[in-house]
$ cat work19.cif   # mmCIF, C-alpha atoms
data_target
#
loop_
_atom_site.group_PDB
_atom_site.id
_atom_site.type_symbol
_atom_site.label_atom_id
_atom_site.label_comp_id
_atom_site.auth_asym_id
_atom_site.auth_seq_id
_atom_site.Cartn_x
_atom_site.Cartn_y
_atom_site.Cartn_z
ATOM 1 C CA MET A 3 16.423 -25.049 -14.208
ATOM 2 C CA ASN A 4 18.553 -23.809 -17.070
ATOM 3 C CA ASN A 5 21.332 -21.631 -15.628
ATOM 4 C CA LYS A 6 20.593 -19.054 -18.319
ATOM 5 C CA SER A 7 16.925 -18.845 -17.337
ATOM 6 C CA PRO A 8 15.923 -16.131 -14.836
ATOM 7 C CA ALA A 9 15.478 -17.275 -11.242
ATOM 8 C CA VAL A 10 12.263 -15.218 -11.157
ATOM 9 C CA GLU A 11 10.274 -13.978 -14.147
ATOM 10 C CA ILE A 12 7.166 -11.829 -13.822
ATOM 11 C CA LYS A 13 5.017 -10.889 -16.806
ATOM 12 C CA ASN A 14 2.147 -8.392 -16.579
ATOM 13 C CA LEU A 15 1.377 -9.195 -12.935
ATOM 14 C CA SER A 16 -1.705 -7.554 -11.421
ATOM 15 C CA VAL A 17 -3.268 -8.175 -8.019
ATOM 16 C CA ARG A 18 -6.619 -6.662 -7.117
ATOM 17 C CA PHE A 19 -8.640 -6.849 -3.916
ATOM 18 C CA GLY A 20 -12.140 -5.830 -4.924
ATOM 19 C CA SER A 21 -11.856 -2.371 -6.465
ATOM 20 C CA PHE A 22 -8.358 -1.789 -5.033
ATOM 21 C CA THR A 23 -5.364 -2.545 -7.244
ATOM 22 C CA ALA A 24 -2.371 -3.494 -5.083
ATOM 23 C CA VAL A 25 -0.088 -4.442 -7.991
ATOM 24 C CA ASP A 26 -0.695 -2.930 -11.407
ATOM 25 C CA ASP A 27 0.642 -4.738 -14.499
ATOM 26 C CA ILE A 28 4.323 -5.094 -13.551
ATOM 27 C CA SER A 29 6.973 -7.094 -15.407
ATOM 28 C CA PHE A 30 10.586 -7.846 -14.465
ATOM 29 C CA SER A 31 13.030 -10.721 -14.026
ATOM 30 C CA VAL A 32 15.706 -11.598 -11.462
ATOM 31 C CA GLN A 33 18.816 -13.514 -12.511
ATOM 32 C CA LYS A 34 20.265 -16.498 -10.674
ATOM 33 C CA GLY A 35 22.852 -15.419 -8.084
ATOM 34 C CA GLU A 36 21.654 -11.806 -8.130
ATOM 35 C CA ILE A 37 21.129 -9.617 -5.063
ATOM 36 C CA PHE A 38 17.942 -7.809 -6.044
ATOM 37 C CA GLY A 39 16.455 -4.927 -4.044
ATOM 38 C CA PHE A 40 12.806 -3.989 -3.682
ATOM 39 C CA LEU A 41 12.243 -0.364 -2.648
ATOM 40 C CA GLY A 42 9.099 1.640 -2.138
ATOM 41 C CA ALA A 43 7.046 3.390 0.507
ATOM 42 C CA ASN A 44 4.662 1.397 2.702
ATOM 43 C CA GLY A 45 1.709 0.290 0.590
ATOM 44 C CA ALA A 46 3.672 0.422 -2.684
ATOM 45 C CA GLY A 47 2.923 -3.235 -3.472
ATOM 46 C CA LYS A 48 6.262 -4.842 -2.524
ATOM 47 C CA THR A 49 4.932 -7.347 0.017
ATOM 48 C CA THR A 50 1.980 -8.301 -2.199
ATOM 49 C CA THR A 51 4.377 -8.996 -5.073
ATOM 50 C CA ILE A 52 6.609 -11.118 -2.837
ATOM 51 C CA ARG A 53 3.614 -13.094 -1.566
ATOM 52 C CA VAL A 54 2.676 -13.940 -5.147
ATOM 53 C CA ILE A 55 6.247 -14.962 -5.970
ATOM 54 C CA CYS A 56 6.302 -17.229 -2.875
ATOM 55 C CA GLY A 57 3.042 -18.864 -3.946
ATOM 56 C CA LEU A 58 1.159 -17.499 -0.923
ATOM 57 C CA LEU A 59 -1.218 -15.367 -2.992
ATOM 58 C CA LEU A 60 -2.805 -15.954 -6.386
ATOM 59 C CA PRO A 61 -2.418 -13.180 -8.960
ATOM 60 C CA THR A 62 -5.491 -11.611 -10.514
ATOM 61 C CA SER A 63 -3.738 -11.726 -13.872
ATOM 62 C CA GLY A 64 -0.272 -12.221 -15.302
ATOM 63 C CA GLU A 65 2.326 -14.956 -15.106
ATOM 64 C CA VAL A 66 4.942 -15.610 -12.415
ATOM 65 C CA THR A 67 7.664 -18.241 -12.844
ATOM 66 C CA VAL A 68 9.983 -19.008 -9.921
ATOM 67 C CA ALA A 69 12.913 -21.426 -10.231
ATOM 68 C CA GLY A 70 11.197 -22.982 -13.231
ATOM 69 C CA GLU A 71 7.846 -23.386 -11.460
ATOM 70 C CA VAL A 72 4.681 -21.388 -12.166
ATOM 71 C CA SER A 73 3.774 -19.856 -8.793
ATOM 72 C CA ASN A 74 0.003 -20.051 -9.299
ATOM 73 C CA SER A 75 -0.024 -23.689 -10.422
ATOM 74 C CA GLY A 76 -1.143 -24.965 -7.014
ATOM 75 C CA GLU A 77 1.905 -27.243 -6.791
ATOM 76 C CA ASN A 78 3.881 -27.507 -3.537
ATOM 77 C CA ARG A 79 7.233 -27.858 -5.338
ATOM 78 C CA LEU A 80 7.645 -24.082 -5.242
ATOM 79 C CA LYS A 81 7.884 -24.109 -1.436
ATOM 80 C CA GLU A 82 10.937 -26.364 -1.668
ATOM 81 C CA LYS A 83 12.759 -23.831 -3.840
ATOM 82 C CA VAL A 84 11.931 -20.663 -1.914
ATOM 83 C CA GLY A 85 13.010 -19.473 1.533
ATOM 84 C CA TYR A 86 11.342 -16.499 3.232
ATOM 85 C CA MET A 87 12.629 -14.561 6.248
ATOM 86 C CA SER A 88 10.018 -12.207 7.655
ATOM 87 C CA GLN A 89 10.850 -8.837 9.192
ATOM 88 C CA LYS A 90 8.939 -10.070 12.253
ATOM 89 C CA PHE A 91 10.907 -12.349 14.568
ATOM 90 C CA THR A 92 9.498 -15.855 14.056
ATOM 91 C CA LEU A 93 11.496 -18.028 16.490
ATOM 92 C CA TYR A 94 10.224 -19.246 19.858
ATOM 93 C CA ASP A 95 11.819 -17.453 22.811
ATOM 94 C CA ASP A 96 11.210 -20.283 25.281
ATOM 95 C CA LEU A 97 12.972 -22.894 23.098
ATOM 96 C CA THR A 98 16.710 -23.286 22.656
ATOM 97 C CA VAL A 99 18.455 -22.466 19.390
ATOM 98 C CA GLY A 100 18.725 -26.156 18.554
ATOM 99 C CA GLU A 101 15.092 -26.881 19.441
ATOM 100 C CA ASN A 102 13.944 -24.043 17.187
ATOM 101 C CA LEU A 103 15.944 -25.327 14.238
ATOM 102 C CA TYR A 104 14.893 -28.955 14.672
ATOM 103 C CA PHE A 105 11.279 -27.820 14.939
ATOM 104 C CA LYS A 106 11.623 -25.778 11.736
ATOM 105 C CA ALA A 107 13.253 -28.773 10.071
ATOM 106 C CA ALA A 108 10.320 -30.988 11.071
ATOM 107 C CA LEU A 109 7.896 -28.469 9.546
ATOM 108 C CA ARG A 110 9.898 -28.750 6.335
ATOM 109 C CA LYS A 111 9.727 -32.575 6.604
ATOM 110 C CA ILE A 112 13.503 -32.793 7.036
ATOM 111 C CA ASP A 113 14.308 -35.851 9.159
ATOM 112 C CA ASN A 114 16.512 -35.663 12.271
ATOM 113 C CA GLU A 115 19.486 -37.317 10.591
ATOM 114 C CA ALA A 116 19.523 -34.809 7.718
ATOM 115 C CA ALA A 117 18.909 -31.916 10.131
ATOM 116 C CA SER A 118 21.774 -33.069 12.394
ATOM 117 C CA LYS A 119 24.091 -32.817 9.403
ATOM 118 C CA LYS A 120 22.709 -29.539 8.025
ATOM 119 C CA ILE A 121 22.486 -27.486 11.244
ATOM 120 C CA PRO A 122 26.246 -27.528 12.081
ATOM 121 C CA GLU A 123 26.962 -26.536 8.477
ATOM 122 C CA LEU A 124 24.620 -23.567 8.847
ATOM 123 C CA PHE A 125 26.208 -22.551 12.171
ATOM 124 C CA LYS A 126 29.565 -22.446 10.394
ATOM 125 C CA PHE A 127 28.151 -20.522 7.438
ATOM 126 C CA ILE A 128 26.542 -17.797 9.562
ATOM 127 C CA GLY A 129 29.442 -17.634 12.036
ATOM 128 C CA PHE A 130 27.228 -18.502 15.005
ATOM 129 C CA SER A 131 29.324 -18.508 18.197
ATOM 130 C CA HIS A 132 26.740 -19.334 20.883
ATOM 131 C CA SER A 133 25.812 -22.758 22.208
ATOM 132 C CA PRO A 134 22.878 -24.504 20.470
ATOM 133 C CA SER A 135 21.470 -25.094 23.976
ATOM 134 C CA THR A 136 21.078 -21.329 24.557
ATOM 135 C CA LEU A 137 17.494 -20.164 24.958
ATOM 136 C CA VAL A 138 16.568 -17.840 22.107
ATOM 137 C CA ARG A 139 15.409 -15.125 24.524
ATOM 138 C CA GLU A 140 18.969 -14.971 25.928
ATOM 139 C CA LEU A 141 20.534 -14.206 22.541
ATOM 140 C CA PRO A 142 21.468 -10.689 21.405
ATOM 141 C CA THR A 143 19.421 -9.335 18.504
ATOM 142 C CA GLY A 144 22.144 -9.966 15.937
ATOM 143 C CA ALA A 145 22.430 -13.636 16.916
ATOM 144 C CA LYS A 146 18.642 -14.002 16.704
ATOM 145 C CA GLN A 147 18.766 -12.661 13.153
ATOM 146 C CA GLN A 148 21.506 -15.172 12.347
ATOM 147 C CA ILE A 149 19.334 -18.040 13.573
ATOM 148 C CA SER A 150 16.317 -16.709 11.651
ATOM 149 C CA LEU A 151 18.452 -16.802 8.511
ATOM 150 C CA ALA A 152 19.662 -20.328 9.339
ATOM 151 C CA ALA A 153 16.039 -21.456 9.712
ATOM 152 C CA THR A 154 15.277 -19.951 6.295
ATOM 153 C CA LEU A 155 18.181 -21.870 4.740
ATOM 154 C CA LEU A 156 17.454 -25.282 6.299
ATOM 155 C CA HIS A 157 15.887 -26.756 3.162
ATOM 156 C CA ASP A 158 18.581 -25.267 0.884
ATOM 157 C CA PRO A 159 16.302 -22.987 -1.185
ATOM 158 C CA GLU A 160 17.411 -21.599 -4.537
ATOM 159 C CA ILE A 161 15.725 -18.242 -3.960
ATOM 160 C CA ILE A 162 15.735 -16.376 -0.638
ATOM 161 C CA PHE A 163 13.414 -13.505 0.271
ATOM 162 C CA LEU A 164 14.576 -11.249 3.090
ATOM 163 C CA ASP A 165 11.885 -8.806 4.234
ATOM 164 C CA GLU A 166 13.655 -5.929 6.004
ATOM 165 C CA PRO A 167 16.123 -8.336 7.651
ATOM 166 C CA THR A 168 18.092 -5.634 9.491
ATOM 167 C CA ALA A 169 15.254 -3.439 10.768
ATOM 168 C CA GLY A 170 16.028 -2.236 14.278
ATOM 169 C CA VAL A 171 19.507 -3.762 14.625
ATOM 170 C CA SER A 172 22.850 -2.023 15.188
ATOM 171 C CA PRO A 173 25.099 -0.886 12.301
ATOM 172 C CA GLY A 174 27.559 -3.667 13.188
ATOM 173 C CA VAL A 175 24.871 -6.328 12.903
ATOM 174 C CA ARG A 176 23.667 -4.839 9.623
ATOM 175 C CA ASP A 177 27.207 -5.063 8.226
ATOM 176 C CA MET A 178 27.537 -8.675 9.392
ATOM 177 C CA PHE A 179 24.218 -9.609 7.843
ATOM 178 C CA TRP A 180 25.092 -8.104 4.471
ATOM 179 C CA LYS A 181 28.325 -10.051 4.428
ATOM 180 C CA LEU A 182 26.184 -13.189 4.781
ATOM 181 C CA ILE A 183 23.990 -12.016 1.895
ATOM 182 C CA GLU A 184 27.105 -11.601 -0.273
ATOM 183 C CA LYS A 185 28.206 -15.133 0.690
ATOM 184 C CA LEU A 186 24.810 -16.512 -0.337
ATOM 185 C CA ALA A 187 25.031 -14.805 -3.732
ATOM 186 C CA LYS A 188 28.559 -16.144 -4.292
ATOM 187 C CA GLU A 189 27.196 -19.641 -3.673
ATOM 188 C CA GLY A 190 24.690 -19.092 -6.484
ATOM 189 C CA LYS A 191 21.658 -18.273 -4.350
ATOM 190 C CA THR A 192 19.275 -15.594 -5.590
ATOM 191 C CA VAL A 193 18.536 -13.056 -2.842
ATOM 192 C CA ILE A 194 15.621 -10.624 -3.011
ATOM 193 C CA VAL A 195 15.700 -7.986 -0.273
ATOM 194 C CA THR A 196 13.315 -5.279 0.890
ATOM 195 C CA THR A 197 14.896 -2.516 2.933
ATOM 196 C CA HIS A 198 14.356 1.085 3.990
ATOM 197 C CA TYR A 199 18.106 1.650 4.429
ATOM 198 C CA MET A 200 19.492 3.284 1.301
ATOM 199 C CA ASP A 201 23.099 2.364 2.155
ATOM 200 C CA GLU A 202 21.992 -1.287 2.114
ATOM 201 C CA ALA A 203 20.195 -0.831 -1.189
ATOM 202 C CA GLU A 204 23.516 0.386 -2.646
ATOM 203 C CA GLN A 205 24.812 -3.191 -2.232
ATOM 204 C CA CYS A 206 22.106 -4.656 -4.492
ATOM 205 C CA ARG A 207 23.048 -5.449 -8.082
ATOM 206 C CA ARG A 208 19.743 -4.005 -9.285
ATOM 207 C CA ILE A 209 16.802 -2.286 -7.627
ATOM 208 C CA ALA A 210 13.104 -2.339 -8.479
ATOM 209 C CA LEU A 211 11.428 0.850 -7.321
ATOM 210 C CA MET A 212 7.664 0.639 -6.758
ATOM 211 C CA ARG A 213 5.055 3.341 -6.219
ATOM 212 C CA SER A 214 1.300 2.853 -5.864
ATOM 213 C CA GLY A 215 1.437 -0.691 -7.217
ATOM 214 C CA ARG A 216 3.461 0.191 -10.301
ATOM 215 C CA LEU A 217 7.082 -0.494 -11.166
ATOM 216 C CA ILE A 218 8.467 2.991 -11.811
ATOM 217 C CA ALA A 219 12.183 2.215 -12.197
ATOM 218 C CA LEU A 220 14.467 -0.805 -12.495
ATOM 219 C CA ASP A 221 18.228 -0.476 -12.760
ATOM 220 C CA SER A 222 21.527 -0.701 -10.918
ATOM 221 C CA PRO A 223 22.022 1.871 -8.125
ATOM 222 C CA GLN A 224 24.301 3.910 -10.409
ATOM 223 C CA GLY A 225 21.859 3.646 -13.293
ATOM 224 C CA LEU A 226 18.992 4.903 -11.128
ATOM 225 C CA LYS A 227 21.033 7.904 -9.992
ATOM 226 C CA LYS A 228 22.051 8.773 -13.519
ATOM 227 C CA SER A 229 18.539 8.560 -14.945
ATOM 228 C CA ALA A 230 16.906 10.414 -12.027
ATOM 229 C CA TYR A 231 19.456 13.252 -12.047
ATOM 230 C CA PRO A 232 20.886 13.793 -15.541
ATOM 231 C CA GLU A 233 21.467 17.486 -14.713
ATOM 232 C CA PRO A 234 23.484 19.112 -11.873
ATOM 233 C CA LEU A 235 22.608 18.341 -8.257
ATOM 234 C CA LEU A 236 23.791 20.854 -5.665
ATOM 235 C CA ARG A 237 24.168 20.966 -1.894
ATOM 236 C CA LEU A 238 23.339 24.398 -0.453
ATOM 237 C CA SER A 239 24.737 25.382 2.940
ATOM 238 C CA GLY A 240 24.033 28.519 4.961
ATOM 239 C CA LEU A 241 20.261 28.279 4.681
ATOM 240 C CA GLY A 242 18.000 27.842 7.685
ATOM 241 C CA ARG A 243 14.400 26.686 7.960
ATOM 242 C CA SER A 244 13.502 30.269 8.895
ATOM 243 C CA ASP A 245 14.814 31.630 5.583
ATOM 244 C CA SER A 246 11.406 31.157 3.991
ATOM 245 C CA GLU A 247 11.651 34.239 1.771
ATOM 246 C CA LEU A 248 15.061 33.283 0.355
ATOM 247 C CA LEU A 249 13.998 29.661 -0.067
ATOM 248 C CA ALA A 250 10.945 30.761 -2.032
ATOM 249 C CA LYS A 251 13.166 32.963 -4.204
ATOM 250 C CA ILE A 252 15.592 30.088 -4.913
ATOM 251 C CA SER A 253 12.689 27.741 -5.645
ATOM 252 C CA ALA A 254 11.327 30.233 -8.170
ATOM 253 C CA ASP A 255 14.721 30.750 -9.860
ATOM 254 C CA PRO A 256 14.499 29.880 -13.583
ATOM 255 C CA ALA A 257 17.476 27.484 -13.249
ATOM 256 C CA VAL A 258 15.995 25.434 -10.430
ATOM 257 C CA GLU A 259 13.937 22.337 -11.058
ATOM 258 C CA LYS A 260 13.424 21.601 -7.354
ATOM 259 C CA ILE A 261 14.843 22.348 -3.900
ATOM 260 C CA TRP A 262 14.285 20.244 -0.773
ATOM 261 C CA PRO A 263 15.649 19.946 2.791
ATOM 262 C CA PHE A 264 18.287 17.247 3.311
ATOM 263 C CA GLY A 265 19.502 16.927 6.887
ATOM 264 C CA MET A 266 20.829 20.310 8.014
ATOM 265 C CA ARG A 267 21.255 21.536 4.442
ATOM 266 C CA TYR A 268 19.297 21.735 1.189
ATOM 267 C CA HIS A 269 19.655 19.908 -2.092
ATOM 268 C CA ALA A 270 18.699 21.565 -5.367
ATOM 269 C CA SER A 271 18.443 20.047 -8.837
ATOM 270 C CA LEU A 272 18.938 22.314 -11.823
ATOM 271 C CA LYS A 273 17.252 22.214 -15.213
ATOM 272 C CA SER A 274 20.449 22.241 -17.264
ATOM 273 C CA GLU A 275 24.250 22.296 -17.060
ATOM 274 C CA GLU A 276 24.363 25.651 -18.846
ATOM 275 C CA GLN A 277 22.502 27.413 -16.044
ATOM 276 C CA LEU A 278 24.849 26.342 -13.246
ATOM 277 C CA GLU A 279 27.253 29.307 -13.207
ATOM 278 C CA SER A 280 24.559 31.975 -13.590
ATOM 279 C CA PHE A 281 22.544 30.367 -10.781
ATOM 280 C CA LYS A 282 25.551 30.486 -8.447
ATOM 281 C CA LYS A 283 25.993 34.214 -9.124
ATOM 282 C CA ARG A 284 22.397 34.936 -8.150
ATOM 283 C CA LEU A 285 22.806 33.409 -4.695
ATOM 284 C CA PRO A 286 23.739 35.596 -1.696
ATOM 285 C CA GLU A 287 27.346 35.243 -0.480
ATOM 286 C CA ARG A 288 26.354 33.491 2.744
ATOM 287 C CA VAL A 289 24.962 30.527 0.776
ATOM 288 C CA SER A 290 27.719 28.140 -0.266
ATOM 289 C CA VAL A 291 27.212 25.754 -3.192
ATOM 290 C CA GLU A 292 28.760 22.331 -3.700
ATOM 291 C CA ARG A 293 28.090 20.092 -6.661
ATOM 292 C CA ILE A 294 27.407 16.535 -5.483
ATOM 293 C CA SER A 295 26.649 13.083 -6.841
ATOM 294 C CA PRO A 296 23.088 11.966 -6.104
ATOM 295 C CA SER A 297 22.491 9.312 -3.457
ATOM 296 C CA LEU A 298 19.737 6.696 -3.470
ATOM 297 C CA ASP A 299 18.027 8.861 -0.847
ATOM 298 C CA ASP A 300 17.836 11.619 -3.476
ATOM 299 C CA VAL A 301 16.474 9.145 -6.034
ATOM 300 C CA PHE A 302 13.858 7.866 -3.584
ATOM 301 C CA LEU A 303 12.793 11.397 -2.611
ATOM 302 C CA LYS A 304 12.401 12.415 -6.248
ATOM 303 C CA LEU A 305 10.764 9.342 -7.756
ATOM 304 C CA VAL A 306 8.681 8.115 -4.838
ATOM 305 C CA GLU A 307 8.035 10.678 -2.140
ATOM 306 C CA GLY A 308 8.216 13.690 -4.465
ATOM 307 C CA ALA A 309 5.722 12.171 -6.889
ATOM 308 C CA GLU A 310 3.357 11.193 -4.075
ATOM 309 C CA ARG A 311 3.404 14.727 -2.686
#
$ encode --input "work19.cif" --output "structure tokens"
Amino acid sequence: MNNKSPAVEIKNLSVRFGSFTAVDDISFSVQKGEIFGFLGANGAGKTTTIRVICGLLLPTSGEVTVAGEVSNSGENRLKEKVGYMSQKFTLYDDLTVGENLYFKAALRKIDNEAASKKIPELFKFIGFSHSPSTLVRELPTGAKQQISLAATLLHDPEIIFLDEPTAGVSPGVRDMFWKLIEKLAKEGKTVIVTTHYMDEAEQCRRIALMRSGRLIALDSPQGLKKSAYPEPLLRLSGLGRSDSELLAKISADPAVEKIWPFGMRYHASLKSEEQLESFKKRLPERVSVERISPSLDDVFLKLVEGAER
């Protein structure tokens, strides 16, 4: 594949199941060596899109090219270039670490000699510190995730799909796993990640945001924040959930575009910069106002959840 060609290129992809449209005419590309995030609520079309890219599902219409191969061509070469790590744990608890990896290698038609060379290299890459003779069920969750990643990398794929790889693990394990993702990208691998953790999404070079089968935004984390909130975003303290009358009054204020609960406080977006000072003056003294930079949580709430409400 030409290094200047995208690792993944999707043009006008649609996937329909009967009368239901799961993916609706989306187009985007992912560059080689990029960490690319896929965000969206459940049912947004992320998994369906990934299944098409992996060659597991035929598109209804459109064109998908992955590592120089057309994904709906019926050729098996695509499987050699793509690695997929499911959010569901796919190793066998009653086999050792080594037995799991040799079994996965056999499924990939990697002979024992090649596997014997590759597996120690992967242990070193992922920083695996347990014995290969350890039963998988005896491993901590973080080590299991490491081995799942090693199994995904056995055939040295160019493009790696990680479907919620850190769901349910500790913050320390999440940090370790993202360091591995950065290492993969530095080695030239293309990594496409789905996650519900917005702090993880911040580490992606670009993010595709999907809603109801459509691609509604595609940009860097900073670009998404800037385009979603071009006007002031405020954090309001001193308001309680029982202050329904005051909340209704603030919501109806001519300066306010929207107000929503955020943790123990409220966030409010204004319609223009010029209205900021006058809005502050109209608030009661017990409500403190702090101007803040938007987070990806704010972006997600506005573009995805807010629109769906």
$ resolve_selection --input "work19.cif" --expression "the PyMOL selection byres ((chain A and resi 102) around 12)" --output "PyMOL selection string"
chain A and resi 92-101+103-109+117+121+134-139+146+149-150+152-154+156
$ residues_around --input "work19.cif" --residues "Pro263 of chain A" --least-positions-apart "3" --cutoff "10 Å" --atoms "only C-alpha atoms" --output "short mmCIF file (atom, residue, chain, number, x, y, z; two decimals) with C-alpha atoms, in the frame of the given file"
data_model
loop_
_atom_site.label_atom_id
_atom_site.label_comp_id
_atom_site.auth_asym_id
_atom_site.auth_seq_id
_atom_site.Cartn_x
_atom_site.Cartn_y
_atom_site.Cartn_z
CA ARG A 237 24.17 20.97 -1.89
CA LEU A 238 23.34 24.40 -0.45
CA LEU A 241 20.26 28.28 4.68
CA GLY A 242 18.00 27.84 7.68
CA ARG A 243 14.40 26.69 7.96
CA MET A 266 20.83 20.31 8.01
CA ARG A 267 21.26 21.54 4.44
CA TYR A 268 19.30 21.74 1.19
CA HIS A 269 19.66 19.91 -2.09
CA ALA A 270 18.70 21.56 -5.37
#
$ closest_residue --input "work19.cif" --among "A:Ala46, A:Ala203, A:Val289, A:Leu211" --to "Asp245 of chain A" --atoms "all atoms listed in the file"
A:Val289
$ closest_residue --input "work19.cif" --among "A:Ser133, A:Ser297, A:Ser172, A:Gln277" --to "Gln224 of chain A" --atoms "all atoms listed in the file"
A:Ser297
$ closest_residue --input "work19.cif" --among "A:Gly42, A:Pro223, A:Gly85, A:Pro61" --to "Leu15 of chain A" --atoms "all atoms listed in the file"
A:Pro61
$ residues_around --input "work19.cif" --residues "segment 181-183 of chain A" --least-positions-apart "6" --cutoff "8 Å" --atoms "only C-alpha atoms" --output "list in words"
Ile37, Ile128 and Val193 of chain A
$ resolve_selection --input "work19.cif" --expression "the PyMOL selection byres ((chain A and resi 160) around 8)" --output "tab-separated table (two decimals) with C-alpha atoms, in the coordinates of the input"
chain	number	residue	atom	x	y	z
A	69	ALA	CA	12.91	-21.43	-10.23
A	83	LYS	CA	12.76	-23.83	-3.84
A	84	VAL	CA	11.93	-20.66	-1.91
A	85	GLY	CA	13.01	-19.47	1.53
A	158	ASP	CA	18.58	-25.27	0.88
A	159	PRO	CA	16.30	-22.99	-1.18
A	161	ILE	CA	15.72	-18.24	-3.96
A	162	ILE	CA	15.74	-16.38	-0.64
A	190	GLY	CA	24.69	-19.09	-6.48
A	191	LYS	CA	21.66	-18.27	-4.35
A	192	THR	CA	19.27	-15.59	-5.59
$ atom_distance --input "work19.cif" --atom1 "atom CA of Asp300 of chain A" --atom2 "atom CA of Ser88 of chain A"
27.4 Å
$ resolve_selection --input "work19.cif" --expression "the PyMOL selection byres ((chain A and resi 174-178) around 12)" --output "PyMOL selection string"
chain A and resi 128-130+142-148+166-173+179-185+197+199+201-202+205
$ atom_distance --input "work19.cif" --atom1 "atom CA of Val68 of chain A" --atom2 "atom CA of Val10 of chain A"
4.6 Å
$ atom_distance --input "work19.cif" --atom1 "atom CA of Glu65 of chain A" --atom2 "atom CA of Thr49 of chain A"
17.1 Å
$ build_atoms --input "work19.cif" --residues "segment 150-161 of chain A" --atoms "N, CA, C and O atoms" --output "PDB file, keeping the file's coordinate frame"
ATOM      1  N   SER A 150      17.454 -16.838  12.574  1.00  0.00           N
ATOM      2  CA  SER A 150      16.317 -16.709  11.651  1.00  0.00           C
ATOM      3  C   SER A 150      16.749 -17.014  10.223  1.00  0.00           C
ATOM      4  O   SER A 150      16.037 -17.682   9.467  1.00  0.00           O
ATOM      5  N   LEU A 151      17.941 -16.524   9.849  1.00  0.00           N
ATOM      6  CA  LEU A 151      18.452 -16.802   8.511  1.00  0.00           C
ATOM      7  C   LEU A 151      18.755 -18.294   8.364  1.00  0.00           C
ATOM      8  O   LEU A 151      18.433 -18.905   7.337  1.00  0.00           O
ATOM      9  N   ALA A 152      19.361 -18.890   9.394  1.00  0.00           N
ATOM     10  CA  ALA A 152      19.662 -20.328   9.339  1.00  0.00           C
ATOM     11  C   ALA A 152      18.387 -21.140   9.149  1.00  0.00           C
ATOM     12  O   ALA A 152      18.351 -22.093   8.362  1.00  0.00           O
ATOM     13  N   ALA A 153      17.324 -20.755   9.849  1.00  0.00           N
ATOM     14  CA  ALA A 153      16.039 -21.456   9.712  1.00  0.00           C
ATOM     15  C   ALA A 153      15.497 -21.330   8.293  1.00  0.00           C
ATOM     16  O   ALA A 153      14.904 -22.266   7.748  1.00  0.00           O
ATOM     17  N   THR A 154      15.723 -20.183   7.674  1.00  0.00           N
ATOM     18  CA  THR A 154      15.277 -19.951   6.295  1.00  0.00           C
ATOM     19  C   THR A 154      16.046 -20.819   5.303  1.00  0.00           C
ATOM     20  O   THR A 154      15.520 -21.194   4.257  1.00  0.00           O
ATOM     21  N   LEU A 155      17.300 -21.144   5.649  1.00  0.00           N
ATOM     22  CA  LEU A 155      18.181 -21.870   4.740  1.00  0.00           C
ATOM     23  C   LEU A 155      18.169 -23.386   4.947  1.00  0.00           C
ATOM     24  O   LEU A 155      18.832 -24.114   4.206  1.00  0.00           O
ATOM     25  N   LEU A 156      17.413 -23.862   5.940  1.00  0.00           N
ATOM     26  CA  LEU A 156      17.454 -25.282   6.299  1.00  0.00           C
ATOM     27  C   LEU A 156      17.194 -26.217   5.120  1.00  0.00           C
ATOM     28  O   LEU A 156      17.829 -27.257   4.983  1.00  0.00           O
ATOM     29  N   HIS A 157      16.254 -25.865   4.266  1.00  0.00           N
ATOM     30  CA  HIS A 157      15.887 -26.756   3.162  1.00  0.00           C
ATOM     31  C   HIS A 157      16.645 -26.435   1.875  1.00  0.00           C
ATOM     32  O   HIS A 157      16.298 -26.916   0.800  1.00  0.00           O
ATOM     33  N   ASP A 158      17.694 -25.594   2.005  1.00  0.00           N
ATOM     34  CA  ASP A 158      18.581 -25.267   0.884  1.00  0.00           C
ATOM     35  C   ASP A 158      17.818 -24.683  -0.301  1.00  0.00           C
ATOM     36  O   ASP A 158      17.897 -25.186  -1.435  1.00  0.00           O
ATOM     37  N   PRO A 159      17.089 -23.578  -0.086  1.00  0.00           N
ATOM     38  CA  PRO A 159      16.302 -22.987  -1.185  1.00  0.00           C
ATOM     39  C   PRO A 159      17.185 -22.331  -2.238  1.00  0.00           C
ATOM     40  O   PRO A 159      18.285 -21.865  -1.937  1.00  0.00           O
ATOM     41  N   GLU A 160      16.694 -22.270  -3.453  1.00  0.00           N
ATOM     42  CA  GLU A 160      17.411 -21.599  -4.537  1.00  0.00           C
ATOM     43  C   GLU A 160      17.245 -20.080  -4.452  1.00  0.00           C
ATOM     44  O   GLU A 160      18.135 -19.320  -4.834  1.00  0.00           O
ATOM     45  N   ILE A 161      16.073 -19.666  -3.988  1.00  0.00           N
ATOM     46  CA  ILE A 161      15.725 -18.242  -3.960  1.00  0.00           C
ATOM     47  C   ILE A 161      15.336 -17.858  -2.538  1.00  0.00           C
ATOM     48  O   ILE A 161      14.526 -18.533  -1.896  1.00  0.00           O
TER      49      ILE A 161
END
